[in-house]
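*Asks:* Below you'll find final.csv; it's CSV, C-alpha atoms and all ligand atoms.
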```
chain,number,residue,atom,x,y,z
Y,972,MET,CA,0.0,0.0,0.0
Y,973,LEU,CA,1.3,3.5,-0.9
Y,974,PRO,CA,0.1,6.7,0.8
Y,975,LEU,CA,-3.0,8.1,-0.9
Y,976,PRO,CA,-1.7,11.7,-1.1
Y,977,ALA,CA,1.4,10.4,-2.9
Y,978,LEU,CA,-0.7,8.4,-5.4
Y,979,GLU,CA,-3.0,11.4,-5.9
Y,980,GLU,CA,-0.2,13.8,-6.5
Y,981,ALA,CA,1.5,11.5,-9.0
Y,982,ALA,CA,-1.8,11.0,-10.8
Y,983,GLN,CA,-2.5,14.8,-10.9
Y,984,LYS,CA,1.0,15.7,-12.2
Y,985,LEU,CA,1.6,12.7,-14.4
Y,986,VAL,CA,0.7,14.3,-17.7
Y,987,ASP,CA,2.1,17.8,-17.1
Y,988,PHE,CA,4.8,18.0,-14.5
Y,989,GLU,CA,4.5,21.3,-12.7
Y,990,GLY,CA,3.5,23.3,-15.7
Y,991,SER,CA,6.5,22.1,-17.8
Y,992,GLY,CA,4.2,20.9,-20.6
Y,993,MET,CA,5.6,17.4,-20.3
Y,994,SER,CA,5.4,14.4,-18.1
Y,995,LEU,CA,8.4,13.9,-15.8
Y,996,VAL,CA,8.7,10.3,-17.2
Y,997,GLU,CA,9.2,11.8,-20.7
Y,998,MET,CA,12.0,14.1,-19.7
Y,999,SER,CA,15.7,13.4,-20.0
Y,1000,HIS,CA,17.2,12.2,-16.8
Y,1001,ARG,CA,20.0,14.6,-17.4
Y,1002,GLY,CA,17.7,17.6,-17.6
Y,1003,LYS,CA,17.3,20.2,-14.9
Y,1004,VAL,CA,13.7,19.2,-13.9
Y,1005,TYR,CA,14.5,15.6,-13.3
Y,1006,GLU,CA,17.8,16.4,-11.7
Y,1007,ARG,CA,16.0,18.5,-9.1
Y,1008,VAL,CA,13.6,15.7,-8.2
Y,1009,HIS,CA,16.4,13.2,-8.0
Y,1010,ASN,CA,18.6,15.3,-5.7
Y,1011,GLU,CA,15.7,16.3,-3.6
Y,1012,THR,CA,14.7,12.7,-3.1
Y,1013,ILE,CA,18.2,11.8,-1.9
Y,1014,ALA,CA,18.2,14.7,0.5
Y,1015,LEU,CA,14.8,13.9,1.9
Y,1016,PHE,CA,15.7,10.3,2.4
Y,1017,ARG,CA,18.9,11.3,4.2
Y,1018,GLU,CA,17.1,13.7,6.4
Y,1019,ILE,CA,14.3,11.3,7.4
Y,1020,LEU,CA,16.5,8.3,8.0
Y,1021,THR,CA,19.2,10.5,9.6
Y,1022,VAL,CA,21.8,9.0,7.2
Y,1023,PRO,CA,25.3,9.9,8.5
Y,1024,ASN,CA,27.8,11.8,6.3
Y,1025,GLU,CA,30.0,8.8,5.8
Y,1026,PHE,CA,27.3,7.1,3.8
Y,1027,GLN,CA,26.1,7.6,0.2
Y,1028,VAL,CA,22.6,6.9,-1.0
Y,1029,LEU,CA,22.3,5.1,-4.3
Y,1030,PHE,CA,19.3,4.3,-6.5
Y,1031,LEU,CA,19.8,1.0,-8.4
Y,1032,GLN,CA,17.7,-1.3,-10.5
Y,1033,GLY,CA,17.3,-5.0,-10.2
Y,1034,GLY,CA,15.4,-4.8,-6.9
Y,1035,ALA,CA,16.7,-6.2,-3.7
Y,1036,THR,CA,17.4,-9.5,-5.5
Y,1037,LEU,CA,20.3,-7.9,-7.6
Y,1038,GLN,CA,21.8,-6.8,-4.3
Y,1039,PHE,CA,22.0,-10.5,-3.2
Y,1040,ALA,CA,24.5,-11.0,-6.0
Y,1041,MET,CA,26.1,-7.6,-6.3
Y,1042,ILE,CA,27.2,-7.3,-2.7
Y,1043,PRO,CA,29.3,-10.5,-2.6
Y,1044,MET,CA,30.6,-9.9,-6.2
Y,1045,ALA,CA,31.8,-6.5,-5.1
Y,1046,PHE,CA,33.2,-7.3,-1.7
Y,1047,LEU,CA,34.4,-10.9,-1.7
Y,1048,ARG,CA,37.8,-11.3,-3.3
Y,1049,ALA,CA,39.5,-14.7,-3.4
Y,1050,GLY,CA,39.7,-16.1,0.1
Y,1051,ASP,CA,37.4,-13.5,1.6
Y,1052,ALA,CA,34.4,-14.7,3.7
Y,1053,ALA,CA,31.1,-13.2,4.7
Y,1054,ASP,CA,28.8,-14.4,7.5
Y,1055,PHE,CA,25.1,-15.1,7.1
Y,1056,ILE,CA,22.4,-15.3,9.7
Y,1057,LEU,CA,19.6,-17.5,8.2
Y,1058,THR,CA,16.3,-16.2,9.6
Y,1059,GLY,CA,14.0,-17.2,6.7
Y,1060,THR,CA,13.3,-17.2,3.0
Y,1061,TRP,CA,15.1,-13.9,2.2
Y,1062,ALA,CA,18.2,-14.4,4.2
Y,1063,LYS,CA,18.5,-17.9,2.6
Y,1064,LYS,CA,18.2,-16.4,-0.9
Y,1065,ALA,CA,20.9,-13.9,-0.2
Y,1066,HIS,CA,23.1,-16.7,1.1
Y,1067,GLU,CA,22.5,-18.9,-1.9
Y,1068,ASP,CA,23.7,-16.2,-4.3
Y,1069,ALA,CA,26.7,-15.3,-2.2
Y,1070,SER,CA,27.7,-19.0,-2.1
Y,1071,LEU,CA,28.1,-18.9,-5.8
Y,1072,VAL,CA,30.6,-16.1,-5.5
Y,1073,GLY,CA,32.7,-16.7,-2.4
Y,1074,ARG,CA,32.9,-18.1,1.1
Y,1075,ALA,CA,29.5,-17.6,2.6
Y,1076,ASN,CA,29.5,-18.9,6.2
Y,1077,ILE,CA,26.2,-19.8,7.9
Y,1078,ILE,CA,26.7,-18.6,11.5
Y,1079,TRP,CA,23.2,-19.3,12.6
Y,1080,ASP,CA,20.3,-21.1,11.0
Y,1081,GLY,CA,16.7,-20.9,12.4
Y,1082,LYS,CA,15.7,-24.1,10.6
Y,1083,THR,CA,15.3,-26.1,13.8
Y,1084,SER,CA,12.8,-23.6,15.2
Y,1085,LYS,CA,11.1,-23.3,11.7
Y,1086,TYR,CA,12.3,-19.8,11.3
Y,1087,THR,CA,10.0,-18.5,14.1
Y,1088,ARG,CA,12.6,-16.4,15.9
Y,1089,MET,CA,15.7,-14.3,15.6
Y,1090,PRO,CA,18.8,-15.6,17.3
Y,1091,GLN,CA,19.9,-14.4,20.7
Y,1092,GLN,CA,23.2,-12.6,21.0
Y,1093,LYS,CA,24.8,-15.5,22.8
Y,1094,GLU,CA,24.1,-17.8,19.9
Y,1095,LEU,CA,26.2,-15.8,17.5
Y,1096,SER,CA,29.9,-15.9,16.9
Y,1097,PHE,CA,31.3,-14.1,14.0
Y,1098,THR,CA,34.1,-15.3,11.7
Y,1099,SER,CA,37.2,-13.3,12.4
Y,1100,GLY,CA,38.2,-11.2,9.4
Y,1101,ALA,CA,34.8,-11.6,7.7
Y,1102,ARG,CA,34.1,-8.8,5.3
Y,1103,TYR,CA,30.6,-8.4,6.5
Y,1104,VAL,CA,27.7,-10.1,8.1
Y,1105,HIS,CA,24.4,-10.3,6.2
Y,1106,LEU,CA,21.1,-10.2,8.0
Y,1107,CYS,CA,17.6,-9.7,6.9
Y,1108,SER,CA,16.0,-7.0,9.0
Y,1109,ASN,CA,12.5,-8.2,8.6
Y,1110,GLU,CA,11.5,-11.6,7.1
Y,1111,THR,CA,8.5,-10.6,5.0
Y,1112,ILE,CA,7.2,-14.1,4.6
Y,1113,GLY,CA,7.8,-15.5,8.1
Y,1114,GLY,CA,6.8,-12.3,10.0
Y,1115,VAL,CA,10.0,-12.3,12.0
Y,1116,GLN,CA,11.9,-9.1,12.6
Y,1117,TRP,CA,15.1,-8.1,14.5
Y,1118,ALA,CA,13.9,-5.9,17.4
Y,1119,SER,CA,17.4,-4.5,17.3
Y,1120,TYR,CA,20.5,-5.7,15.4
Y,1121,PRO,CA,23.1,-7.8,17.2
Y,1122,ASP,CA,26.5,-6.8,18.3
Y,1123,THR,CA,28.7,-8.2,15.5
Y,1124,ALA,CA,32.1,-7.8,17.2
Y,1125,GLY,CA,33.1,-5.1,14.7
Y,1126,VAL,CA,32.1,-7.0,11.6
Y,1127,PRO,CA,30.2,-4.5,9.5
Y,1128,ILE,CA,26.5,-5.3,9.0
Y,1129,VAL,CA,24.9,-5.6,5.6
Y,1130,ALA,CA,21.1,-5.4,6.2
Y,1131,ASP,CA,18.3,-6.3,3.8
Y,1132,MET,CA,15.7,-3.8,4.9
Y,1133,SER,CA,13.3,-4.4,2.0
Y,1134,SER,CA,10.3,-4.8,4.1
Y,1135,ASP,CA,11.0,-2.5,7.1
Y,1136,ILE,CA,12.9,0.5,5.7
Y,1137,LEU,CA,11.6,3.8,7.1
Y,1138,SER,CA,9.2,2.0,9.5
Y,1139,ARG,CA,11.1,2.9,12.6
Y,1140,GLN,CA,14.1,4.9,13.8
Y,1141,PHE,CA,17.4,3.4,12.8
Y,1142,PRO,CA,20.7,3.5,14.6
Y,1143,TRP,CA,23.6,3.5,12.1
Y,1144,ASN,CA,26.4,2.0,14.3
Y,1145,ASN,CA,28.3,-0.8,12.7
Y,1146,ILE,CA,26.4,-0.6,9.4
Y,1147,GLY,CA,28.4,-1.2,6.2
Y,1148,LEU,CA,25.5,-1.2,3.8
Y,1149,VAL,CA,21.7,-1.4,3.8
Y,1150,PHE,CA,19.5,-2.0,0.9
Y,1151,ALA,CA,15.8,-2.2,0.2
Y,1152,GLY,CA,13.5,-2.8,-2.8
Y,1153,THR,CA,11.2,0.3,-3.0
Y,1154,GLN,CA,8.0,-1.6,-3.5
Y,1155,LYS,CA,6.9,-2.0,0.1
Y,1156,ASN,CA,7.3,1.2,2.1
Y,1157,LEU,CA,8.3,3.7,-0.6
Y,1158,ALA,CA,7.1,3.5,-4.2
Y,1159,PRO,CA,6.2,1.2,-7.1
Y,1160,ALA,CA,8.6,-1.6,-7.9
Y,1161,GLY,CA,11.6,-0.8,-10.1
Y,1162,MET,CA,14.4,0.2,-7.7
Y,1163,ALA,CA,16.5,-0.6,-4.7
Y,1164,ILE,CA,17.8,2.0,-2.4
Y,1165,VAL,CA,21.3,1.3,-1.2
Y,1166,VAL,CA,22.9,3.2,1.6
Y,1167,ILE,CA,26.6,2.4,1.5
Y,1168,ARG,CA,29.5,3.5,3.7
Y,1169,LYS,CA,32.1,5.4,1.8
Y,1170,ASP,CA,34.9,3.0,2.8
Y,1171,PHE,CA,32.8,0.2,1.4
Y,1172,ILE,CA,32.6,2.0,-1.9
Y,1173,ALA,CA,36.3,2.5,-2.0
Y,1174,ALA,CA,36.9,-1.2,-1.2
Y,1175,ALA,CA,34.4,-2.5,-3.9
Y,1176,ARG,CA,35.9,-4.4,-6.8
Y,1177,LYS,CA,36.3,-2.4,-10.0
Y,1178,ASP,CA,37.0,-5.4,-12.2
Y,1179,LEU,CA,33.3,-6.0,-12.8
Y,1180,PRO,CA,30.8,-5.1,-15.5
Y,1181,ALA,CA,29.8,-1.5,-15.1
Y,1182,TYR,CA,26.3,-1.9,-13.6
Y,1183,LEU,CA,27.8,-4.1,-10.8
Y,1184,ARG,CA,30.2,-1.4,-9.7
Y,1185,TYR,CA,29.2,0.6,-6.6
Y,1186,ASP,CA,32.0,3.1,-7.3
Y,1187,LEU,CA,30.6,4.0,-10.7
Y,1188,HIS,CA,27.1,4.5,-9.3
Y,1189,ALA,CA,28.5,6.5,-6.5
Y,1190,GLU,CA,30.7,8.8,-8.6
Y,1191,ASN,CA,27.7,9.4,-10.9
Y,1192,ASN,CA,25.2,10.1,-8.2
Y,1193,SER,CA,23.1,7.1,-9.4
Y,1194,LEU,CA,23.0,8.6,-12.9
Y,1195,TYR,CA,25.5,6.3,-14.5
Y,1196,ASN,CA,22.7,5.0,-16.7
Y,1197,THR,CA,19.0,5.9,-16.9
Y,1198,PRO,CA,17.4,5.6,-13.5
Y,1199,PRO,CA,13.8,4.5,-13.0
Y,1200,THR,CA,12.6,8.1,-13.0
Y,1201,PHE,CA,8.9,7.4,-12.1
Y,1202,THR,CA,9.9,5.3,-9.1
Y,1203,VAL,CA,12.3,8.0,-7.9
Y,1204,TRP,CA,9.6,10.6,-8.2
Y,1205,ALA,CA,7.1,8.3,-6.4
Y,1206,THR,CA,9.7,7.8,-3.6
Y,1207,ASN,CA,10.0,11.6,-3.4
Y,1208,LEU,CA,6.2,11.9,-2.8
Y,1209,THR,CA,6.2,9.1,-0.2
Y,1210,LEU,CA,9.1,10.7,1.7
Y,1211,LYS,CA,7.1,14.0,1.8
Y,1212,TRP,CA,4.2,12.2,3.2
Y,1213,ILE,CA,6.4,10.6,5.9
Y,1214,LYS,CA,7.6,14.1,6.8
Y,1215,SER,CA,4.0,15.3,7.0
Y,1216,MET,CA,3.1,12.4,9.3
Y,1217,GLY,CA,5.8,13.5,11.8
Y,1218,GLY,CA,8.8,11.5,10.5
Y,1219,LEU,CA,10.0,8.1,11.7
Y,1220,GLU,CA,9.3,8.7,15.4
Y,1221,ALA,CA,5.6,9.1,14.7
Y,1222,LEU,CA,5.5,6.4,12.1
Y,1223,GLU,CA,7.2,3.9,14.5
Y,1224,ARG,CA,4.6,4.7,17.2
Y,1225,LEU,CA,1.8,4.1,14.8
Y,1226,ASN,CA,3.4,0.9,13.4
Y,1227,ARG,CA,3.7,-0.4,16.9
Y,1228,GLU,CA,0.1,0.4,17.7
Y,1229,LYS,CA,-1.1,-1.3,14.5
Y,1230,ALA,CA,0.8,-4.5,15.1
Y,1231,THR,CA,-0.1,-4.6,18.8
Y,1232,LEU,CA,-3.8,-4.5,17.9
Y,1233,LEU,CA,-3.5,-7.6,15.8
Y,1234,TYR,CA,-1.1,-9.6,18.1
Y,1235,ASP,CA,-3.2,-8.8,21.1
Y,1236,LEU,CA,-6.3,-10.1,19.3
Y,1237,ILE,CA,-4.5,-13.2,18.2
Y,1238,ASP,CA,-3.1,-13.9,21.7
Y,1239,ALA,CA,-6.5,-13.4,23.3
Y,1240,SER,CA,-8.4,-15.7,20.9
Y,1241,GLY,CA,-7.7,-18.8,23.0
Y,1242,GLY,CA,-5.9,-20.5,20.2
Y,1243,TYR,CA,-8.5,-19.8,17.5
Y,1244,TYR,CA,-5.8,-17.8,15.8
Y,1245,LYS,CA,-2.2,-18.6,16.3
Y,1246,ASN,CA,0.9,-16.6,15.6
Y,1247,PRO,CA,3.9,-19.0,15.6
Y,1248,VAL,CA,6.6,-16.3,16.1
Y,1249,GLU,CA,8.4,-15.9,19.4
Y,1250,LYS,CA,7.1,-12.7,21.0
Y,1251,ALA,CA,10.4,-10.8,21.0
Y,1252,SER,CA,10.8,-11.5,17.2
Y,1253,ARG,CA,7.4,-10.5,16.0
Y,1254,SER,CA,7.3,-8.3,13.0
Y,1255,LEU,CA,5.7,-4.9,13.0
Y,1256,MET,CA,5.2,-5.0,9.3
Y,1257,ASN,CA,4.0,-8.6,8.5
Y,1258,VAL,CA,1.7,-10.2,11.0
Y,1259,VAL,CA,1.2,-13.9,10.2
Y,1260,TRP,CA,-1.3,-16.3,11.8
Y,1261,LEU,CA,-2.9,-19.7,11.3
Y,1262,LEU,CA,-6.5,-20.7,12.0
Y,1263,ASP,CA,-6.8,-23.5,14.5
Y,1264,ASP,CA,-9.2,-25.1,12.1
Y,1265,ASP,CA,-7.4,-24.7,8.8
Y,1266,GLY,CA,-10.4,-26.1,7.0
Y,1267,LEU,CA,-11.9,-22.6,7.6
Y,1268,GLU,CA,-9.2,-20.8,5.8
Y,1269,ASP,CA,-11.0,-20.5,2.5
Y,1270,ASP,CA,-14.1,-19.2,4.2
Y,1271,PHE,CA,-11.9,-16.7,6.1
Y,1272,PHE,CA,-10.4,-15.3,2.9
Y,1273,LYS,CA,-13.8,-15.3,1.0
Y,1274,GLU,CA,-15.6,-13.5,3.8
Y,1275,ALA,CA,-12.8,-11.1,4.3
Y,1276,GLU,CA,-12.8,-10.3,0.6
Y,1277,ARG,CA,-16.5,-9.5,0.8
Y,1278,GLN,CA,-15.8,-6.9,3.5
Y,1279,GLY,CA,-13.1,-5.3,1.2
Y,1280,LEU,CA,-10.2,-6.9,3.1
Y,1281,SER,CA,-7.9,-8.4,0.5
Y,1282,GLY,CA,-4.3,-9.7,0.2
Y,1283,LEU,CA,-4.6,-11.7,3.5
Y,1284,LYS,CA,-3.3,-15.0,2.1
Y,1285,GLY,CA,0.1,-16.0,3.5
Y,1286,HIS,CA,2.9,-16.4,1.0
Y,1287,ARG,CA,2.4,-19.3,-1.3
Y,1288,SER,CA,5.5,-21.0,0.2
Y,1289,VAL,CA,4.1,-21.2,3.7
Y,1290,GLY,CA,0.3,-20.8,3.5
Y,1291,GLY,CA,-1.8,-19.5,6.4
Y,1292,CYS,CA,-2.7,-15.8,6.7
Y,1293,ARG,CA,-0.7,-12.6,6.6
Y,1294,ALA,CA,-1.5,-9.0,7.0
Y,1295,SER,CA,1.2,-6.7,5.6
Y,1296,ILE,CA,0.7,-3.5,7.5
Y,1297,TYR,CA,3.3,-1.3,5.9
Y,1298,ASN,CA,3.7,2.4,6.7
Y,1299,ALA,CA,0.8,3.6,4.5
Y,1300,MET,CA,-1.7,1.2,6.0
Y,1301,PRO,CA,-3.8,3.4,8.3
Y,1302,MET,CA,-5.0,2.4,11.7
Y,1303,GLU,CA,-8.6,2.2,10.3
Y,1304,GLY,CA,-7.5,-0.5,7.9
Y,1305,VAL,CA,-6.0,-2.6,10.8
Y,1306,ARG,CA,-9.1,-2.0,13.0
Y,1307,ALA,CA,-11.4,-3.2,10.1
Y,1308,LEU,CA,-9.3,-6.4,9.9
Y,1309,ALA,CA,-9.4,-6.8,13.7
Y,1310,ASP,CA,-13.2,-6.3,13.8
Y,1311,PHE,CA,-13.6,-8.8,11.0
Y,1312,MET,CA,-11.4,-11.4,12.8
Y,1313,LYS,CA,-13.4,-11.1,16.0
Y,1314,GLU,CA,-16.7,-11.4,14.0
Y,1315,PHE,CA,-15.4,-14.4,12.1
Y,1316,MET,CA,-14.4,-16.1,15.3
Y,1317,LYS,CA,-17.9,-15.5,16.9
Y,1318,LYS,CA,-19.6,-16.8,13.8
Y,1319,HIS,CA,-17.5,-19.9,13.3
Y,1320,GLY,CA,-16.0,-20.4,16.7
B,1,LIG,N1,14.2,-9.2,0.6
B,1,LIG,C1,13.1,-9.1,1.3
B,1,LIG,C2,13.1,-9.0,2.8
B,1,LIG,C3,11.9,-9.1,0.5
B,1,LIG,O1,10.7,-9.0,1.2
B,1,LIG,C4,11.9,-9.1,-0.9
B,1,LIG,C5,10.7,-9.1,-1.7
B,1,LIG,N2,9.5,-9.5,-1.2
B,1,LIG,C6,13.2,-9.2,-1.5
B,1,LIG,C7,14.3,-9.2,-0.7
B,1,LIG,C8,13.3,-9.3,-3.0
B,1,LIG,O2,13.0,-8.1,-3.5
B,1,LIG,P1,12.9,-7.7,-5.0
B,1,LIG,O3,11.6,-8.3,-5.5
B,1,LIG,O4,12.8,-6.2,-5.0
B,1,LIG,O5,14.1,-8.2,-5.7
```
Have the structure of the file written as structure tokens, please.
Ligand code: PMP

*Replies:*
Amino acid sequence: MLPLPALEEAAQKLVDFEGSGMSLVEMSHRGKVYERVHNETIALFREILTVPNEFQVLFLQGGATLQFAMIPMAFLRAGDAADFILTGTWAKKAHEDASLVGRANIIWDGKTSKYTRMPQQKELSFTSGARYVHLCSNETIGGVQWASYPDTAGVPIVADMSSDILSRQFPWNNIGLVFAGTQKNLAPAGMAIVVIRKDFIAAARKDLPAYLRYDLHAENNSLYNTPPTFTVWATNLTLKWIKSMGGLEALERLNREKATLLYDLIDASGGYYKNPVEKASRSLMNVVWLLDDDGLEDDFFKEAERQGLSGLKGHRSVGGCRASIYNAMPMEGVRALADFMKEFMKKHG
């Protein structure tokens, strides 16, 4: 879900961008008008996420998935290792790609607990000299999120924040690189935002095809080639909406309230609805649950759909139910779902 004011402004300005007589998506990405939008978007992003000066913000294509490959290709030279914390589908995908490129050590795997929790600090030990440790900030499918990142004994963190970027305040200590596909909390698909520490840019391999080179993207302010201009503009509009909502402090408060409403309802349902995730690892963005009587699932989705509540099916790989309550989902939407879940339980309980 994207913020309605952002969608409305994009719709209103799509044909004639601010009196220019042209759509922004028809303009050259090297022209003054687009350049202003591009730079303003970077500046807004930096301001809202309080990105420190030693980092650069990049807009790249290929989604978060290209980052799974591009990061190890850029940072793992012969003999180098990276650590991976396997917390679910997305961390595993990143690990699979990195294994094709270099030494990708699994330092923790949540398999035995069916990926229903994040590890505790005492379960982690990092490979000395590892170039980075990869973690997935929020596992979109499993509904498991790091409440706060672990202490990695000085190994820089590479975080996949695809499904929780800009959802809460973010401490930058010990971060080497974060990345996120835009299509959850920011804009339509088509881009990944990468925030990369400048010493990481300097250390990245240069003997790679151009698009895979962080240094080229950084030197060219993400204009090495044609950027996805519509997605950048939509990101800009969403960032303005975040500011108007009071920034990340306010959004974090709202996101906690939204998630708490659903988790409390699930926990108070006497097992009618079940969330398999350990409480300390529950996601604020993706709330998953199972119906005690899974034979009722189809009815649940059908009746929900009739009330205008759509997209509640869990990911095809795991089944069950999932409410993705990203930033732009208002409290009313979550209340409507909670009311429906209570009604459904009364009717079929
Ligand atoms: N990481 C996470 C945490 C995701 O949720 C997703 C997409 N759902 C991806 C990576 C892959 O993103 P993309 O489709 O932009 O490549």

*Asks:* Could you tell me which of Y:Gln1032, Y:Asn1246, Y:Asn1196, Y:Gln1091 comes closest to ligand LIG 1 (chain B) if we count only C-alpha atoms and all ligand atoms?

*Replies:*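 So, comparing all the options, the nearest one is Y:Gln1032.
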
*Asks:* Hey, can you check how far CA of Thr1036 in chain Y sits from CA of Ile1167 in chain Y?

*Replies:*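 Computing it gives 16.6 Å between the two atoms.
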
*Asks:* Please determine, counting only C-alpha atoms and all ligand atoms, which residue among Y:Gly1002, Y:Gly1161, Y:Pro1142, Y:Pro1127 has the shortest atom-to-atom distance to ligand LIG 1 (chain B).

*Replies:*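 Among the listed residues, the smallest separation from ligand LIG 1 (chain B) belongs to Y:Gly1161.
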
*Asks:* In terms of the shortest atom-to-atom distance over only C-alpha atoms and all ligand atoms, which of Y:Ser994, Y:Ser1252, Y:Ser1295, Y:Gln1140 is closest to ligand LIG 1 (chain B)?

*Replies:*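 Between Y:Ser994, Y:Ser1252, Y:Ser1295, Y:Gln1140, the residue approaching ligand LIG 1 (chain B) most closely is Y:Ser1295.
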
*Asks:* Hey, which of Y:Glu1094, Y:Asp1131, Y:Asp1269, Y:Asp1080 ends up closest to ligand LIG 1 (chain B)? Count all atoms listed in the file.

*Replies:*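 Ranking Y:Glu1094, Y:Asp1131, Y:Asp1269, Y:Asp1080 by distance to ligand LIG 1 (chain B), first place goes to Y:Asp1131.
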
*Asks:* When you draw a straight line from CA of Asp1135 in chain Y to CA of Ser1099 in chain Y, how long is it in Å?

*Replies:*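 Pair CA of Asp1135 in chain Y / CA of Ser1099 in chain Y returns 28.8 Å.
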
*Asks:* Would you please work out which residue, of Y:Ala1118, Y:Val1248, Y:Ala1151, Y:Ala1101, is nearest to Arg1048 in chain Y when using all atoms listed in the file?

*Replies:*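 Comparing Y:Ala1118, Y:Val1248, Y:Ala1151, Y:Ala1101 against Arg1048 in chain Y, the winner is Y:Ala1101.
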
*Asks:* Using only C-alpha atoms, can you tell me which of Y:Val1004, Y:Asn1298, Y:Met1044, Y:Val1115 comes closest to Thr1058 in chain Y?

*Replies:*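 Closest candidate: Y:Val1115.
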
*Asks:* Which residues are close to range 1229-1234 of chain Y, i.e. within 8 Å by all atoms listed in the file, leaving aside same-chain residues fewer than 4 positions away? Reply as a short mmCIF file (atom, residue, chain, number, x, y, z; two decimals) with C-alpha atoms, in the coordinates of the input.

*Replies:*
```
data_model
loop_
_atom_site.label_atom_id
_atom_site.label_comp_id
_atom_site.auth_asym_id
_atom_site.auth_seq_id
_atom_site.Cartn_x
_atom_site.Cartn_y
_atom_site.Cartn_z
CA LEU Y 1225 1.80 4.10 14.80
CA ASP Y 1238 -3.10 -13.90 21.70
CA ASN Y 1246 0.90 -16.60 15.60
CA SER Y 1254 7.30 -8.30 13.00
CA LEU Y 1255 5.70 -4.90 13.00
CA MET Y 1256 5.20 -5.00 9.30
CA VAL Y 1258 1.70 -10.20 11.00
CA ILE Y 1296 0.70 -3.50 7.50
CA MET Y 1302 -5.00 2.40 11.70
CA VAL Y 1305 -6.00 -2.60 10.80
CA ARG Y 1306 -9.10 -2.00 13.00
CA ALA Y 1309 -9.40 -6.80 13.70
#
```

*Asks:* Please, which residues in chain Y fall within 6 Å of ligand LIG 1 (chain B) when counting all atoms listed in the file, and what is the closest atom pair and distance in Å to one decimal for each, ordered by chain then residue number, as a Markdown table?

*Replies:*
```
| residue | atom | partner | partner_atom | distance |
| --- | --- | --- | --- | --- |
| Y:Gly1034 | CA | B:LIG1 | O4 | 3.5 |
| Y:Ala1035 | CA | B:LIG1 | O5 | 3.8 |
| Y:Thr1036 | CA | B:LIG1 | O5 | 3.6 |
| Y:Trp1061 | CA | B:LIG1 | N1 | 5.0 |
| Y:Asn1109 | CA | B:LIG1 | C2 | 5.9 |
| Y:Glu1110 | CA | B:LIG1 | C2 | 5.3 |
| Y:Thr1111 | CA | B:LIG1 | O1 | 4.7 |
| Y:Asp1131 | CA | B:LIG1 | C2 | 5.9 |
| Y:Ser1133 | CA | B:LIG1 | C2 | 4.7 |
| Y:Ser1134 | CA | B:LIG1 | O1 | 5.1 |
| Y:Gly1152 | CA | B:LIG1 | O4 | 4.1 |
```

*Asks:* Rounded to one decimal in Å, what is the spacing between CA of Asp987 in chain Y and CA of Arg1001 in chain Y?

*Replies:*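 According to the coordinates, CA of Asp987 in chain Y and CA of Arg1001 in chain Y are separated by 18.2 Å.
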